[in-house]
Amino acid sequence: MTNNTVAEIDPSECKAVLGEKAPNFCLPSDLGGEVKLSDFLGKKVVLYFYPKDNTSGCSLEAMDFEAALKTFQNAGFVILGISRDSLKSHANFREKKALTFPLLSDADSKVCREYGVLKMKSMYGRKYLGIERSTFVINEEGVLIDEMRGVKAKGHVEALLKKLGL
């Protein structure tokens with residue numbers, strides 16, 4: 001893990017721009033192997049970034065995505081969750097919450113930086129660099145067509161479904 005200082009936040013690292021190709025990536029999956037965004041060309045993708053496995057908000061959000069998974073799939077969407085947690089943590093989270101979609105590990109924060117989801121946060125007076133809960137919608141051609149940044153876990157999936165007309 002990198003040193004979490006304010007100096008590390010560089011807006012020029014954000015490559016996720018609405019209307020342009022979404023930044024491709026290759027990340028290890030808790031289901032085994034690696035997942036490349038480019039593997040999903042021809043399908044629509046909901047790519048969501050979340051702060052931490054097994055926390056109340058992230059658990060609520062993941063279970064809401066799981067509950068709506070068939071609705072997303074019937075509309076041609078694939079769901080991918082990304083955090084900086086380890087594959088072991090992801091596997092534990094998946095088992096505990098009975099999740100069936102892939103959780104990807106961005107341990108070096110490279111993909112988080114490319115999508116511009118790292119923000120300075122504060123907890124108990126301590127400042128740290130963390131993931132701002134955010135979701136990106138990518139079309140069949142790999143173009144970023146929508147984003148929801150800084151969302152609250154509660155009601156997020158419902159709002160996304162409504163926004164997508166599902």
# chains A, B, ... in the order shown; residues from 1 in each chain; ligands from 1
$ select_by_dssp --residues "chain A" --states "alpha helix (DSSP H)" --output "MDAnalysis selection string"
chainID A and resid 56:67 69:74 87:97 110:114 156:163
$ closest_atom_pairs --of "stretch 137-163 of chain A" --to "stretch 59-63 of chain A" --cutoff "12 Å" --atoms "only C-alpha atoms" --output "JSON lines"
{"residue": "A:Val151", "atom": "CA", "partner": "A:Glu61", "partner_atom": "CA", "distance": 10.4}
{"residue": "A:Lys152", "atom": "CA", "partner": "A:Glu61", "partner_atom": "CA", "distance": 8.8}
{"residue": "A:Ala153", "atom": "CA", "partner": "A:Glu61", "partner_atom": "CA", "distance": 5.1}
{"residue": "A:Lys154", "atom": "CA", "partner": "A:Glu61", "partner_atom": "CA", "distance": 6.8}
{"residue": "A:Gly155", "atom": "CA", "partner": "A:Glu61", "partner_atom": "CA", "distance": 8.3}
{"residue": "A:His156", "atom": "CA", "partner": "A:Glu61", "partner_atom": "CA", "distance": 7.2}
{"residue": "A:Val157", "atom": "CA", "partner": "A:Glu61", "partner_atom": "CA", "distance": 7.1}
{"residue": "A:Glu158", "atom": "CA", "partner": "A:Glu61", "partner_atom": "CA", "distance": 10.1}
{"residue": "A:Ala159", "atom": "CA", "partner": "A:Glu61", "partner_atom": "CA", "distance": 11.8}
{"residue": "A:Leu160", "atom": "CA", "partner": "A:Glu61", "partner_atom": "CA", "distance": 11.6}
$ closest_residue --among "A:Leu164, A:Ile82, A:Leu27, A:Leu104" --to "A:Cys58" --atoms "only C-alpha atoms"
A:Ile82
$ closest_residue --among "A:Asp64, A:Asp53, A:Glu34, A:Asp106" --to "A:His90" --atoms "only C-alpha atoms"
A:Asp53
$ closest_residue --among "A:Phe101, A:Phe65, A:Tyr50, A:Tyr124" --to "A:Arg84" --atoms "only C-alpha atoms"
A:Tyr50
$ closest_residue --among "A:Phe77, A:Phe93, A:Tyr48, A:Phe40" --to "A:Arg133" --atoms "only C-alpha atoms"
A:Tyr48
$ residues_around --residues "stretch 145-149 of chain A" --least-positions-apart "2" --cutoff "9 Å" --atoms "only C-alpha atoms" --output "PyMOL selection string"
chain A and resi 17-20+22+117+132-139+142-143+151+160
$ write_last_selection --atoms "all heavy atoms" --output "compact mmCIF listing (two decimals), in the first residue's frame"
# COMPACT_ATOMS: atom_id res chain seq x y z
N VAL A 17 -13.39 9.82 -18.39
CA VAL A 17 -14.07 11.01 -18.91
C VAL A 17 -15.36 10.58 -19.59
O VAL A 17 -15.34 9.72 -20.49
CB VAL A 17 -13.17 11.77 -19.90
CG1 VAL A 17 -13.88 12.98 -20.47
CG2 VAL A 17 -11.86 12.17 -19.25
N LEU A 18 -16.48 11.16 -19.17
CA LEU A 18 -17.77 10.85 -19.79
C LEU A 18 -17.70 11.04 -21.30
O LEU A 18 -17.13 12.02 -21.78
CB LEU A 18 -18.86 11.73 -19.21
CG LEU A 18 -19.42 11.31 -17.85
CD1 LEU A 18 -20.40 12.36 -17.33
CD2 LEU A 18 -20.08 9.96 -17.91
N GLY A 19 -18.26 10.07 -22.03
CA GLY A 19 -18.29 10.16 -23.48
C GLY A 19 -17.04 9.62 -24.16
O GLY A 19 -16.99 9.56 -25.39
N GLU A 20 -16.04 9.23 -23.37
CA GLU A 20 -14.81 8.66 -23.94
C GLU A 20 -14.66 7.21 -23.49
O GLU A 20 -15.37 6.75 -22.59
CB GLU A 20 -13.60 9.48 -23.49
CG GLU A 20 -13.61 10.89 -24.05
CD GLU A 20 -12.36 11.68 -23.70
OE1 GLU A 20 -11.39 11.08 -23.18
OE2 GLU A 20 -12.35 12.89 -23.94
N ALA A 22 -13.68 4.15 -21.52
CA ALA A 22 -13.37 3.97 -20.11
C ALA A 22 -11.95 3.41 -20.01
O ALA A 22 -11.55 2.59 -20.85
CB ALA A 22 -14.36 3.01 -19.47
N VAL A 117 -11.32 8.15 -8.00
CA VAL A 117 -12.19 7.88 -6.84
C VAL A 117 -11.47 7.99 -5.49
O VAL A 117 -12.09 7.78 -4.45
CB VAL A 117 -12.91 6.51 -6.96
CG1 VAL A 117 -13.80 6.48 -8.19
CG2 VAL A 117 -11.92 5.35 -6.96
N GLU A 132 -13.82 7.05 -2.54
CA GLU A 132 -15.13 7.69 -2.51
C GLU A 132 -16.08 6.77 -3.26
O GLU A 132 -15.86 6.47 -4.45
CB GLU A 132 -15.06 9.06 -3.20
CG GLU A 132 -16.40 9.76 -3.28
CD GLU A 132 -16.31 11.06 -4.06
OE1 GLU A 132 -15.81 11.06 -5.20
OE2 GLU A 132 -16.75 12.08 -3.51
N ARG A 133 -17.13 6.30 -2.58
CA ARG A 133 -18.08 5.37 -3.18
C ARG A 133 -18.60 5.96 -4.50
O ARG A 133 -19.21 7.02 -4.51
CB ARG A 133 -19.23 5.14 -2.20
CG ARG A 133 -20.16 4.02 -2.56
CD ARG A 133 -21.25 3.86 -1.50
NE ARG A 133 -20.77 3.83 -0.14
CZ ARG A 133 -20.23 2.78 0.48
NH1 ARG A 133 -20.10 1.65 -0.18
NH2 ARG A 133 -19.84 2.86 1.72
N SER A 134 -18.33 5.26 -5.60
CA SER A 134 -18.67 5.78 -6.93
C SER A 134 -19.01 4.63 -7.87
O SER A 134 -18.49 3.53 -7.72
CB SER A 134 -17.48 6.55 -7.52
OG SER A 134 -17.11 7.62 -6.69
N THR A 135 -19.87 4.93 -8.85
CA THR A 135 -20.29 3.93 -9.82
C THR A 135 -20.19 4.51 -11.23
O THR A 135 -20.54 5.67 -11.44
CB THR A 135 -21.73 3.47 -9.53
OG1 THR A 135 -21.76 2.86 -8.24
CG2 THR A 135 -22.23 2.48 -10.57
N PHE A 136 -19.73 3.68 -12.15
CA PHE A 136 -19.56 4.08 -13.55
C PHE A 136 -20.34 3.10 -14.43
O PHE A 136 -20.32 1.90 -14.19
CB PHE A 136 -18.08 4.06 -13.94
CG PHE A 136 -17.26 5.02 -13.11
CD1 PHE A 136 -16.74 4.63 -11.88
CD2 PHE A 136 -17.05 6.32 -13.54
CE1 PHE A 136 -16.03 5.52 -11.10
CE2 PHE A 136 -16.32 7.21 -12.76
CZ PHE A 136 -15.81 6.82 -11.54
N VAL A 137 -20.99 3.64 -15.46
CA VAL A 137 -21.73 2.82 -16.41
C VAL A 137 -21.01 2.91 -17.74
O VAL A 137 -20.73 4.01 -18.25
CB VAL A 137 -23.19 3.29 -16.54
CG1 VAL A 137 -23.95 2.42 -17.55
CG2 VAL A 137 -23.89 3.28 -15.18
N ILE A 138 -20.69 1.74 -18.28
CA ILE A 138 -19.91 1.64 -19.52
C ILE A 138 -20.75 0.89 -20.55
O ILE A 138 -21.32 -0.17 -20.24
CB ILE A 138 -18.58 0.92 -19.23
CG1 ILE A 138 -17.80 1.71 -18.16
CG2 ILE A 138 -17.76 0.74 -20.50
CD1 ILE A 138 -16.72 0.93 -17.46
N ASN A 139 -20.84 1.44 -21.77
CA ASN A 139 -21.68 0.79 -22.79
C ASN A 139 -20.93 -0.34 -23.49
O ASN A 139 -19.76 -0.64 -23.18
CB ASN A 139 -22.25 1.82 -23.77
CG ASN A 139 -21.22 2.41 -24.71
OD1 ASN A 139 -20.08 1.94 -24.83
ND2 ASN A 139 -21.62 3.45 -25.43
N GLY A 142 -17.45 0.13 -24.77
CA GLY A 142 -16.42 0.47 -23.80
C GLY A 142 -16.37 1.95 -23.47
O GLY A 142 -15.40 2.43 -22.88
N VAL A 143 -17.43 2.69 -23.82
CA VAL A 143 -17.48 4.14 -23.57
C VAL A 143 -18.17 4.41 -22.24
O VAL A 143 -19.22 3.82 -21.94
CB VAL A 143 -18.21 4.86 -24.73
CG1 VAL A 143 -18.41 6.34 -24.42
CG2 VAL A 143 -17.44 4.68 -26.02
N VAL A 151 -21.63 8.71 -3.74
CA VAL A 151 -22.97 8.25 -3.39
C VAL A 151 -23.02 7.66 -1.99
O VAL A 151 -22.00 7.25 -1.44
CB VAL A 151 -23.49 7.21 -4.42
CG1 VAL A 151 -23.59 7.82 -5.79
CG2 VAL A 151 -22.63 5.96 -4.43
N LEU A 160 -29.68 3.89 -9.09
CA LEU A 160 -29.02 3.51 -10.34
C LEU A 160 -29.99 2.79 -11.26
O LEU A 160 -30.05 3.09 -12.46
CB LEU A 160 -27.79 2.64 -10.04
CG LEU A 160 -27.03 2.12 -11.27
CD1 LEU A 160 -26.46 3.28 -12.09
CD2 LEU A 160 -25.90 1.19 -10.80
$ closest_residue --among "A:Ala75, A:Leu80, A:Ala107, A:Cys112" --to "A:Pro23" --atoms "only C-alpha atoms"
A:Cys112
$ closest_residue --among "A:Ser83, A:Arg94, A:Ser38, A:Lys70" --to "A:Leu118" --atoms "only C-alpha atoms"
A:Ser83
